[in-house]
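Coordinates as given in protein.tsv (TSV, C-alpha atoms and all ligand atoms):
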```tsv
chain	number	residue	atom	x	y	z
A	173	MET	CA	0.00	0.00	0.00
A	174	ILE	CA	1.17	3.55	-0.76
A	175	GLU	CA	-0.18	6.45	1.29
A	176	VAL	CA	0.41	10.01	0.14
A	177	ARG	CA	-0.69	12.70	2.61
A	178	GLY	CA	-0.55	16.44	1.95
A	179	LEU	CA	2.48	15.91	-0.28
A	180	THR	CA	3.94	19.16	-1.60
A	181	LYS	CA	7.10	20.00	-3.55
A	182	ILE	CA	8.16	23.52	-4.41
A	183	TYR	CA	11.03	24.22	-6.81
A	184	GLY	CA	11.75	27.94	-6.62
A	185	PRO	CA	8.67	29.61	-8.10
A	186	THR	CA	7.12	26.27	-9.23
A	187	LYS	CA	4.70	24.27	-7.09
A	188	ALA	CA	5.40	20.94	-8.80
A	189	VAL	CA	3.23	18.97	-6.34
A	190	ASP	CA	0.54	20.75	-4.37
A	191	ASP	CA	-0.99	19.16	-1.27
A	192	LEU	CA	-1.63	15.73	-2.81
A	193	THR	CA	-3.45	13.10	-0.77
A	194	PHE	CA	-4.32	9.64	-2.10
A	195	THR	CA	-3.92	5.95	-1.31
A	196	VAL	CA	-2.82	3.19	-3.69
A	197	LYS	CA	-4.30	-0.17	-2.79
A	198	PRO	CA	-2.93	-3.66	-3.47
A	199	GLY	CA	-4.45	-6.12	-5.94
A	200	ILE	CA	-5.28	-3.67	-8.73
A	201	VAL	CA	-3.39	-1.48	-11.17
A	202	THR	CA	-3.78	2.19	-10.23
A	203	GLY	CA	-3.20	4.68	-13.03
A	204	PHE	CA	-1.52	7.97	-12.16
A	205	LEU	CA	-2.73	10.29	-14.86
A	206	GLY	CA	-1.96	13.87	-15.74
A	207	PRO	CA	-0.77	16.02	-18.63
A	208	ASN	CA	2.95	16.66	-19.11
A	209	GLY	CA	4.38	18.66	-16.25
A	210	ALA	CA	1.49	17.80	-13.91
A	211	GLY	CA	3.87	16.49	-11.24
A	212	LYS	CA	3.65	12.72	-11.69
A	213	SER	CA	7.39	12.06	-11.81
A	214	THR	CA	8.07	14.39	-8.89
A	215	THR	CA	5.44	12.58	-6.80
A	216	MET	CA	6.91	9.18	-7.67
A	217	ARG	CA	10.42	10.38	-6.87
A	218	MET	CA	9.24	11.57	-3.44
A	219	ILE	CA	7.52	8.22	-2.76
A	220	LEU	CA	10.84	6.55	-3.61
A	221	GLY	CA	12.90	8.86	-1.41
A	222	LEU	CA	14.74	10.39	-4.39
A	223	ASP	CA	13.34	13.86	-3.68
A	224	ARG	CA	12.57	15.41	-0.33
A	225	PRO	CA	9.01	16.76	0.07
A	226	THR	CA	8.67	20.45	0.96
A	227	SER	CA	5.86	19.22	3.22
A	228	GLY	CA	3.62	16.20	3.67
A	229	THR	CA	4.45	12.51	3.67
A	230	ALA	CA	4.61	9.50	1.35
A	231	LEU	CA	4.55	6.11	3.04
A	232	ILE	CA	5.15	2.65	1.63
A	233	ASP	CA	3.58	-0.03	3.78
A	234	GLY	CA	3.36	2.50	6.59
A	235	LYS	CA	6.96	3.76	6.41
A	236	PRO	CA	8.85	6.49	4.58
A	237	TYR	CA	11.20	4.97	1.97
A	238	HIS	CA	14.32	5.79	4.00
A	239	ASP	CA	13.02	3.77	6.97
A	240	LEU	CA	12.62	0.58	4.93
A	241	LYS	CA	15.12	-2.06	6.06
A	242	GLN	CA	15.56	-3.67	2.64
A	243	PRO	CA	13.98	-1.25	0.19
A	244	LEU	CA	14.28	-3.48	-2.90
A	245	ARG	CA	12.37	-6.23	-1.13
A	246	THR	CA	9.53	-3.81	-0.41
A	247	VAL	CA	9.32	-1.59	-3.46
A	248	GLY	CA	10.47	-1.85	-7.06
A	249	ALA	CA	10.48	0.99	-9.57
A	250	LEU	CA	10.93	1.63	-13.25
A	251	LEU	CA	11.66	5.31	-13.72
A	252	ASP	CA	14.12	5.52	-16.58
A	253	ALA	CA	14.86	2.36	-18.54
A	254	LYS	CA	18.04	3.74	-20.10
A	255	TRP	CA	20.16	4.09	-16.96
A	256	VAL	CA	21.84	0.71	-17.48
A	257	HIS	CA	25.60	0.60	-18.10
A	258	PRO	CA	25.69	0.15	-21.91
A	259	ASN	CA	28.65	-2.25	-21.94
A	260	ARG	CA	27.22	-4.55	-19.31
A	261	SER	CA	25.20	-7.59	-20.29
A	262	ALA	CA	21.62	-7.77	-19.03
A	263	LYS	CA	22.61	-10.57	-16.69
A	264	ALA	CA	25.73	-8.78	-15.38
A	265	HIS	CA	23.65	-5.67	-14.74
A	266	LEU	CA	21.11	-7.62	-12.68
A	267	GLN	CA	23.84	-9.55	-10.85
A	268	TRP	CA	25.46	-6.27	-9.89
A	269	MET	CA	22.11	-4.93	-8.70
A	270	ALA	CA	21.42	-8.10	-6.70
A	271	ALA	CA	24.89	-8.12	-5.10
A	272	SER	CA	24.78	-4.44	-4.14
A	273	ASN	CA	21.37	-4.90	-2.53
A	274	GLY	CA	22.03	-8.13	-0.67
A	275	LEU	CA	19.69	-10.17	-2.86
A	276	PRO	CA	20.43	-13.78	-3.87
A	277	SER	CA	21.98	-14.10	-7.37
A	278	SER	CA	19.65	-17.06	-8.00
A	279	ARG	CA	16.88	-14.50	-8.40
A	280	VAL	CA	18.60	-13.05	-11.51
A	281	ASP	CA	17.72	-15.99	-13.79
A	282	GLU	CA	14.21	-16.02	-12.37
A	283	VAL	CA	13.50	-12.37	-13.21
A	284	LEU	CA	15.13	-12.71	-16.66
A	285	ARG	CA	12.70	-15.53	-17.35
A	286	LEU	CA	9.74	-13.57	-15.98
A	287	VAL	CA	10.33	-10.71	-18.41
A	288	GLY	CA	11.30	-12.98	-21.32
A	289	LEU	CA	14.95	-11.93	-21.62
A	290	THR	CA	16.63	-15.31	-20.94
A	291	GLU	CA	17.76	-15.69	-24.56
A	292	VAL	CA	19.52	-12.32	-24.66
A	293	ALA	CA	20.80	-12.35	-21.07
A	294	GLY	CA	24.45	-12.37	-22.24
A	295	LYS	CA	24.06	-9.50	-24.71
A	296	LYS	CA	25.19	-5.95	-23.99
A	297	ALA	CA	22.31	-3.85	-22.67
A	298	GLY	CA	23.55	-0.87	-24.71
A	299	GLY	CA	22.34	-2.59	-27.88
A	300	PHE	CA	18.86	-3.27	-26.55
A	301	SER	CA	15.76	-1.82	-28.19
A	302	LEU	CA	13.53	0.38	-26.04
A	303	GLY	CA	11.15	-2.53	-25.50
A	304	MET	CA	13.99	-4.79	-24.31
A	305	SER	CA	15.38	-2.03	-22.09
A	306	GLN	CA	11.95	-1.67	-20.51
A	307	ARG	CA	11.87	-5.41	-19.84
A	308	LEU	CA	15.33	-5.21	-18.27
A	309	GLY	CA	14.15	-2.31	-16.12
A	310	LEU	CA	11.17	-4.42	-15.04
A	311	ALA	CA	13.48	-7.32	-14.22
A	312	GLY	CA	15.48	-4.99	-11.98
A	313	ALA	CA	12.34	-3.74	-10.28
A	314	LEU	CA	11.28	-7.32	-9.58
A	315	LEU	CA	14.63	-8.55	-8.22
A	316	GLY	CA	13.61	-8.22	-4.58
A	317	ASP	CA	10.13	-9.68	-5.25
A	318	PRO	CA	8.58	-6.46	-3.88
A	319	LYS	CA	4.93	-6.07	-2.96
A	320	VAL	CA	4.85	-2.46	-4.20
A	321	LEU	CA	5.73	-1.38	-7.76
A	322	LEU	CA	5.96	2.05	-9.37
A	323	PHE	CA	6.26	2.56	-13.12
A	324	ASP	CA	6.76	6.00	-14.67
A	325	GLU	CA	5.35	6.16	-18.22
A	326	PRO	CA	6.41	2.56	-18.96
A	327	VAL	CA	4.85	2.39	-22.42
A	328	ASN	CA	6.24	5.68	-23.73
A	329	GLY	CA	7.76	5.10	-27.15
A	330	LEU	CA	6.93	1.39	-27.30
A	331	ASP	CA	5.40	-0.31	-30.33
A	332	PRO	CA	1.85	-1.74	-29.98
A	333	GLU	CA	3.13	-5.22	-29.21
A	334	GLY	CA	5.39	-3.86	-26.45
A	335	ILE	CA	2.52	-1.83	-25.03
A	336	VAL	CA	0.23	-4.85	-24.80
A	337	TRP	CA	3.00	-6.91	-23.22
A	338	ILE	CA	3.71	-4.32	-20.51
A	339	ARG	CA	-0.01	-3.80	-19.88
A	340	LYS	CA	-0.63	-7.53	-19.35
A	341	PHE	CA	2.49	-7.82	-17.21
A	342	MET	CA	1.37	-5.03	-14.88
A	343	GLN	CA	-2.08	-6.56	-14.59
A	344	ARG	CA	-0.52	-9.90	-13.69
A	345	LEU	CA	1.62	-8.30	-11.00
A	346	ALA	CA	-1.49	-6.68	-9.51
A	347	ALA	CA	-3.44	-9.95	-9.71
A	348	GLU	CA	-0.68	-11.50	-7.58
A	349	GLY	CA	-1.77	-9.07	-4.85
A	350	ARG	CA	0.88	-6.39	-5.41
A	351	THR	CA	0.33	-2.64	-5.24
A	352	VAL	CA	0.96	-1.26	-8.74
A	353	LEU	CA	1.10	2.48	-9.53
A	354	VAL	CA	1.62	3.41	-13.20
A	355	SER	CA	1.93	6.93	-14.51
A	356	SER	CA	0.79	8.03	-17.94
A	357	HIS	CA	-0.41	11.12	-19.77
A	358	LEU	CA	-2.75	9.02	-21.94
A	359	LEU	CA	-6.21	8.31	-20.60
A	360	SER	CA	-6.99	5.82	-23.37
A	361	GLU	CA	-3.99	3.71	-22.34
A	362	MET	CA	-4.87	3.90	-18.65
A	363	ALA	CA	-8.50	2.98	-19.34
A	364	LEU	CA	-7.24	-0.31	-20.75
A	365	THR	CA	-4.62	-0.95	-18.07
A	366	ALA	CA	-5.85	0.36	-14.75
A	367	GLU	CA	-8.84	-0.28	-12.55
A	368	HIS	CA	-8.45	2.84	-10.45
A	369	LEU	CA	-7.33	6.32	-11.49
A	370	VAL	CA	-5.65	9.10	-9.59
A	371	VAL	CA	-5.78	12.17	-11.86
A	372	ILE	CA	-3.66	15.26	-11.24
A	373	GLY	CA	-3.18	18.60	-12.97
A	374	ARG	CA	-0.67	21.30	-11.99
A	375	GLY	CA	0.34	19.22	-9.00
A	376	ARG	CA	-3.18	19.10	-7.56
A	377	LEU	CA	-5.58	16.19	-7.20
A	378	ILE	CA	-8.40	16.33	-9.75
A	379	SER	CA	-10.02	12.96	-9.25
A	380	ASP	CA	-9.53	9.71	-7.33
A	381	THR	CA	-12.06	7.14	-8.59
A	382	SER	CA	-12.46	3.86	-10.43
A	383	VAL	CA	-11.70	4.10	-14.15
A	384	GLN	CA	-15.33	3.30	-14.93
A	385	GLU	CA	-16.61	6.09	-12.72
A	386	PHE	CA	-14.14	8.55	-14.21
A	387	VAL	CA	-15.14	7.66	-17.76
A	388	ASP	CA	-18.87	7.75	-16.97
A	389	ARG	CA	-18.62	11.05	-15.15
A	390	SER	CA	-16.40	12.87	-17.55
A	391	SER	CA	-17.45	11.86	-21.02
A	392	GLU	CA	-20.71	13.05	-22.50
A	393	SER	CA	-23.10	10.17	-23.00
A	394	SER	CA	-25.85	10.27	-25.56
A	395	VAL	CA	-28.11	7.86	-27.41
A	396	ARG	CA	-28.58	7.65	-31.17
A	397	VAL	CA	-32.01	6.51	-32.40
A	398	ARG	CA	-33.44	5.86	-35.84
A	399	SER	CA	-37.10	5.29	-36.44
A	400	PRO	CA	-39.58	5.28	-39.35
A	401	GLN	CA	-41.76	7.40	-37.01
A	402	LEU	CA	-39.16	10.06	-36.38
A	403	ASP	CA	-41.56	12.98	-35.85
A	404	ALA	CA	-43.65	11.09	-33.29
A	405	LEU	CA	-40.49	9.98	-31.53
A	406	ARG	CA	-39.09	13.52	-31.45
A	407	SER	CA	-42.30	14.88	-29.90
A	408	LEU	CA	-42.39	12.09	-27.35
A	409	LEU	CA	-38.80	12.66	-26.28
A	410	THR	CA	-39.09	16.43	-25.99
A	411	SER	CA	-42.37	16.06	-24.07
A	412	GLN	CA	-40.31	14.14	-21.48
A	413	GLY	CA	-37.94	17.10	-21.15
A	414	LEU	CA	-35.11	15.39	-23.03
A	415	THR	CA	-32.71	17.35	-25.21
A	416	VAL	CA	-32.81	16.06	-28.78
A	417	ARG	CA	-30.50	16.88	-31.68
A	418	GLU	CA	-30.86	15.93	-35.34
A	419	ASP	CA	-28.09	13.63	-36.52
A	420	GLY	CA	-27.81	13.57	-40.27
A	421	ARG	CA	-24.27	12.31	-40.42
A	422	ASP	CA	-25.14	9.12	-42.30
A	423	PRO	CA	-27.50	9.84	-45.22
A	424	LEU	CA	-27.67	6.15	-46.20
A	425	ASP	CA	-29.09	5.30	-42.80
A	426	GLY	CA	-31.81	7.86	-43.04
A	427	GLN	CA	-32.35	10.52	-40.42
A	428	ALA	CA	-31.48	9.89	-36.84
A	429	LEU	CA	-31.86	11.68	-33.54
A	430	VAL	CA	-29.27	12.07	-30.81
A	431	VAL	CA	-30.69	12.25	-27.29
A	432	LEU	CA	-28.43	13.83	-24.70
A	433	ASP	CA	-27.97	12.63	-21.11
A	434	SER	CA	-30.19	9.59	-21.40
A	435	THR	CA	-29.76	5.83	-21.70
A	436	THR	CA	-30.70	3.21	-24.26
A	437	ASP	CA	-32.85	1.51	-21.59
A	438	ALA	CA	-34.89	4.63	-20.87
A	439	ILE	CA	-35.49	5.47	-24.53
A	440	GLY	CA	-36.24	1.85	-25.47
A	441	HIS	CA	-38.90	1.69	-22.74
A	442	LEU	CA	-40.39	5.01	-23.71
A	443	ALA	CA	-40.61	4.12	-27.41
A	444	GLY	CA	-41.96	0.62	-26.68
A	445	SER	CA	-44.67	1.78	-24.32
A	446	ASN	CA	-45.80	4.35	-26.90
A	447	GLY	CA	-45.83	1.89	-29.80
A	448	ILE	CA	-43.00	3.58	-31.70
A	449	ILE	CA	-40.83	1.33	-33.88
A	450	LEU	CA	-37.07	1.79	-33.59
A	451	HIS	CA	-34.52	0.80	-36.22
A	452	GLU	CA	-31.52	1.75	-34.15
A	453	LEU	CA	-30.86	2.39	-30.48
A	454	SER	CA	-27.19	2.85	-29.66
A	455	SER	CA	-25.25	4.59	-26.95
A	456	GLN	CA	-22.57	7.07	-27.97
A	457	ARG	CA	-19.69	8.29	-25.94
A	458	GLY	CA	-17.34	11.21	-26.36
A	459	SER	CA	-13.74	10.07	-26.70
A	460	LEU	CA	-11.85	9.49	-23.51
A	461	GLU	CA	-9.10	11.90	-24.48
A	462	GLU	CA	-11.72	14.61	-25.04
A	463	ALA	CA	-13.08	13.95	-21.57
A	464	PHE	CA	-9.64	14.05	-20.06
A	465	MET	CA	-8.73	17.27	-21.82
A	466	LYS	CA	-11.99	18.84	-20.72
A	467	LEU	CA	-11.31	17.87	-17.14
A	468	THR	CA	-7.67	18.88	-17.00
A	469	GLY	CA	-8.05	21.72	-19.52
A	470	ASP	CA	-7.49	24.49	-17.00
A	471	ASP	CA	-4.70	22.56	-15.42
A	472	VAL	CA	-2.52	21.89	-18.43
A	473	GLN	CA	0.60	23.83	-17.74
A	474	TYR	CA	1.65	24.48	-21.29
A	475	HIS	CA	-1.49	25.25	-23.24
A	476	ALA	CA	-1.48	25.22	-27.02
A	477	ALA	CA	-1.83	29.00	-26.61
A	478	GLY	CA	1.36	29.38	-28.59
A	479	VAL	CA	-0.46	28.13	-31.67
A	480	GLU	CA	-3.24	30.71	-31.29
A	481	GLU	CA	-0.67	33.44	-30.78
A	482	VAL	CA	1.13	32.43	-33.96
A	483	MET	CA	-2.16	32.24	-35.86
A	484	GLY	CA	-3.27	35.55	-34.37
A	485	GLY	CA	-0.01	37.14	-35.39
A	486	ALA	CA	-0.40	35.86	-38.94
A	487	LEU	CA	-3.92	37.21	-39.35
A	501	LIG	N1	14.40	19.34	-10.40
A	501	LIG	C1	13.52	20.26	-10.76
A	501	LIG	N2	13.78	21.58	-10.68
A	501	LIG	C2	12.88	22.52	-11.03
A	501	LIG	N3	11.64	22.23	-11.49
A	501	LIG	C3	11.30	20.95	-11.60
A	501	LIG	C4	12.22	19.90	-11.25
A	501	LIG	N4	11.58	18.70	-11.48
A	501	LIG	C5	10.35	19.00	-11.95
A	501	LIG	N5	10.18	20.34	-12.02
A	501	LIG	C6	8.96	21.05	-12.48
A	501	LIG	O1	7.88	20.51	-11.73
A	501	LIG	C7	6.72	20.36	-12.56
A	501	LIG	C8	6.26	18.92	-12.54
A	501	LIG	O2	7.18	18.10	-13.24
A	501	LIG	P1	7.08	16.51	-13.34
A	501	LIG	O3	8.23	16.03	-14.15
A	501	LIG	O4	6.89	15.95	-11.99
A	501	LIG	O5	5.73	16.33	-14.15
A	501	LIG	P2	5.17	15.06	-14.88
A	501	LIG	O6	3.71	15.02	-14.61
A	501	LIG	O7	5.95	13.86	-14.53
A	501	LIG	O8	5.36	15.42	-16.40
A	501	LIG	P3	6.17	14.69	-17.54
A	501	LIG	O9	5.27	13.60	-18.01
A	501	LIG	O10	6.33	15.79	-18.56
A	501	LIG	O11	7.46	14.26	-16.94
A	501	LIG	C9	7.12	20.89	-13.92
A	501	LIG	O12	6.74	22.25	-13.98
A	501	LIG	C10	8.62	20.75	-13.93
A	501	LIG	O13	9.20	21.72	-14.79
```

Final structure tokens representation of the file:
Amino acid sequence: MIEVRGLTKIYGPTKAVDDLTFTVKPGIVTGFLGPNGAGKSTTMRMILGLDRPTSGTALIDGKPYHDLKQPLRTVGALLDAKWVHPNRSAKAHLQWMAASNGLPSSRVDEVLRLVGLTEVAGKKAGGFSLGMSQRLGLAGALLGDPKVLLFDEPVNGLDPEGIVWIRKFMQRLAAEGRTVLVSSHLLSEMALTAEHLVVIGRGRLISDTSVQEFVDRSSESSVRVRSPQLDALRSLLTSQGLTVREDGRDPLDGQALVVLDSTTDAIGHLAGSNGIILHELSSQRGSLEEAFMKLTGDDVQYHAAGVEEVMGGAL
């Protein structure tokens, strides 16, 4: 379990992390989401004792990182996959890590197998692709068989196959009962990976809910209906106080209506009990990224304002 309480970090004029409070529970993947510069890395660094908080606390299994007796046995982290010595083999790198942390060298072969690097264990890590480097980083994080894992943007720059692999791997680690915190600036990726979401913007907490709740709450939901009795349907819906929009986007389908803030169940019942035939009844959702941008819009540190300024200047 990770407990963050009133965590704050100030760098000169910048409040990188601003009074953050949240808990990361075991058994599920928790996504740590925010636009670039929101303070995700700084928060993770403070949890891992790499940065000192200006105020507040970050506890791992009830203790600050520096009070952990054998940190690598409690918490593993993947912050920057490229910090490996380029001339060392993957195996030598892990053996060095194990030796310097008092972990048995027998664990090295085990973690190489877990991340699927056994075949290339003797190769120099400097020649590894990003995907292989990420796997090596994961192997390092798992050396001490820790119950708590932190990953900072682990899928950044990976190809689709690498992304799916990492996603499944993190879910497996959580299913084993571990606490898994993964940062990302992509909601769509987190929606597929995590069960719970901690969302921040400009260092502040925006939301701390299940992924489902976050998606339901933040994306506009509407229902698209087609009917041979469109006029009767429109009158019925508006008589119920529903907001209805014409949707002519598919001329081959004929005319359709879009009903805002309602459900397919409610409209199906209403049409059925009034004897109106429906040819289509489908729920529509705004894209997740749209929802995320709407929610964090005011909190994005570097707005695309530059673009408007350039455009404005050109006009
Ligand atoms: N060592 C530092 N000195 C000064 N400012 C810093 C330092 N580290 C981070 N910051 C600032 O703190 C803010 C948060 O940065 P942080 O890297 O934690 O964000 P992030 O959410 O991880 O974003 P990204 O995905 O871009 O890394 C930014 O404004 C950043 O410029």

As an exercise, work out the distance from CA of Thr226 in chain A to atom O8 of ligand LIG 501 (chain A) in Å and give it to one decimal place.
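Between CA of Thr226 in chain A and atom O8 of ligand LIG 501 (chain A) the gap is 18.4 Å.
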
Please provide as a compact mmCIF listing (two decimals) with C-alpha atoms, keeping the file's coordinate frame all residues within 12 Å of Ser277 in chain A, with the sequence filter that same-chain residues fewer than 4 positions apart are discarded (counting all atoms listed in the file).
```
# COMPACT_ATOMS: atom_id res chain seq x y z
CA LYS A 263 22.61 -10.57 -16.69
CA ALA A 264 25.73 -8.78 -15.38
CA HIS A 265 23.65 -5.67 -14.74
CA LEU A 266 21.11 -7.62 -12.68
CA GLN A 267 23.84 -9.55 -10.85
CA TRP A 268 25.46 -6.27 -9.89
CA MET A 269 22.11 -4.93 -8.70
CA ALA A 270 21.42 -8.10 -6.70
CA ALA A 271 24.89 -8.12 -5.10
CA SER A 272 24.78 -4.44 -4.14
CA ASN A 273 21.37 -4.90 -2.53
CA ASP A 281 17.72 -15.99 -13.79
CA GLU A 282 14.21 -16.02 -12.37
CA VAL A 283 13.50 -12.37 -13.21
CA LEU A 284 15.13 -12.71 -16.66
CA LEU A 315 14.63 -8.55 -8.22
CA GLY A 316 13.61 -8.22 -4.58
```

To check your reading of the model: which residues sit at most 7 Å from ligand LIG 501 (chain A) when counting all atoms listed in the file? Write the answer as a list in words.
Tyr183, Thr186, Lys187, Ala188, Val189, Gly206, Pro207, Asn208, Gly209, Ala210, Gly211, Lys212, Ser213, Thr214, Thr215, His357 and Gly375 of chain A

As an exercise, work out the distance from CA of Gly178 in chain A to CA of Leu377 in chain A in Å and give it to one decimal place.
10.4 Å

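Nearest residue to Ile232 in chain A among A:Val397, A:Val416, A:Ile219, A:Val327 is A:Ile219, counting only C-alpha atoms.
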
Could you tell me which of A:Gly298, A:Gly199, A:Pro276, A:Gly228 comes closest to His257 in chain A if we count all atoms listed in the file?
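The closest residue to His257 in chain A is A:Gly298.
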
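The closest residue to Asn259 in chain A, picked from A:Val383, A:Ala297, A:Leu414, A:Ile378 and counting all atoms listed in the file, is A:Ala297.
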
Min atom-atom distance to Val354 in chain A from the set A:Val292, A:Leu442, A:Ile449, A:Leu205, counting all atoms listed in the file, belongs to A:Leu205

Considering all atoms listed in the file, return as a list in words whatever protein or nucleic-acid residues lie within 7 Å of Thr246 in chain A, sequence-local ones (same chain, fewer than 4 positions apart) excluded.
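The contact residues come out as Gln242, Pro318, Lys319 and Val320 of chain A.
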
Could you check how far CA of Ser278 in chain A sits from CA of Gly309 in chain A, in Å to one decimal?
17.7 Å

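The closest residue to Arg260 in chain A, picked from A:Asp324, A:Gly299, A:Gly373, A:Thr193 and counting all atoms listed in the file, is A:Gly299.
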
Minimum-distance residue to Ala230 in chain A, chosen among A:Ala262, A:Leu353, A:Val280, A:Ile174 (using all atoms listed in the file):
A:Ile174

What residues have an atom no more than 8 Å from (-5.6, -2.1, -11.7) in the file's own frame, counting only C-alpha atoms, and can you write them as a PyMOL selection string?
chain A and resi 199-203+343+346+352+365-368

Around range 318-322 of chain A, with edges along x, y and z and 3 Å added on all six sides, what centre and edge lengths do you get, in Å to one decimal, as JSON?
```
{"center_x": 6.7, "center_y": -2.2, "center_z": -6.2, "size_x": 9.7, "size_y": 14.5, "size_z": 12.4}
```
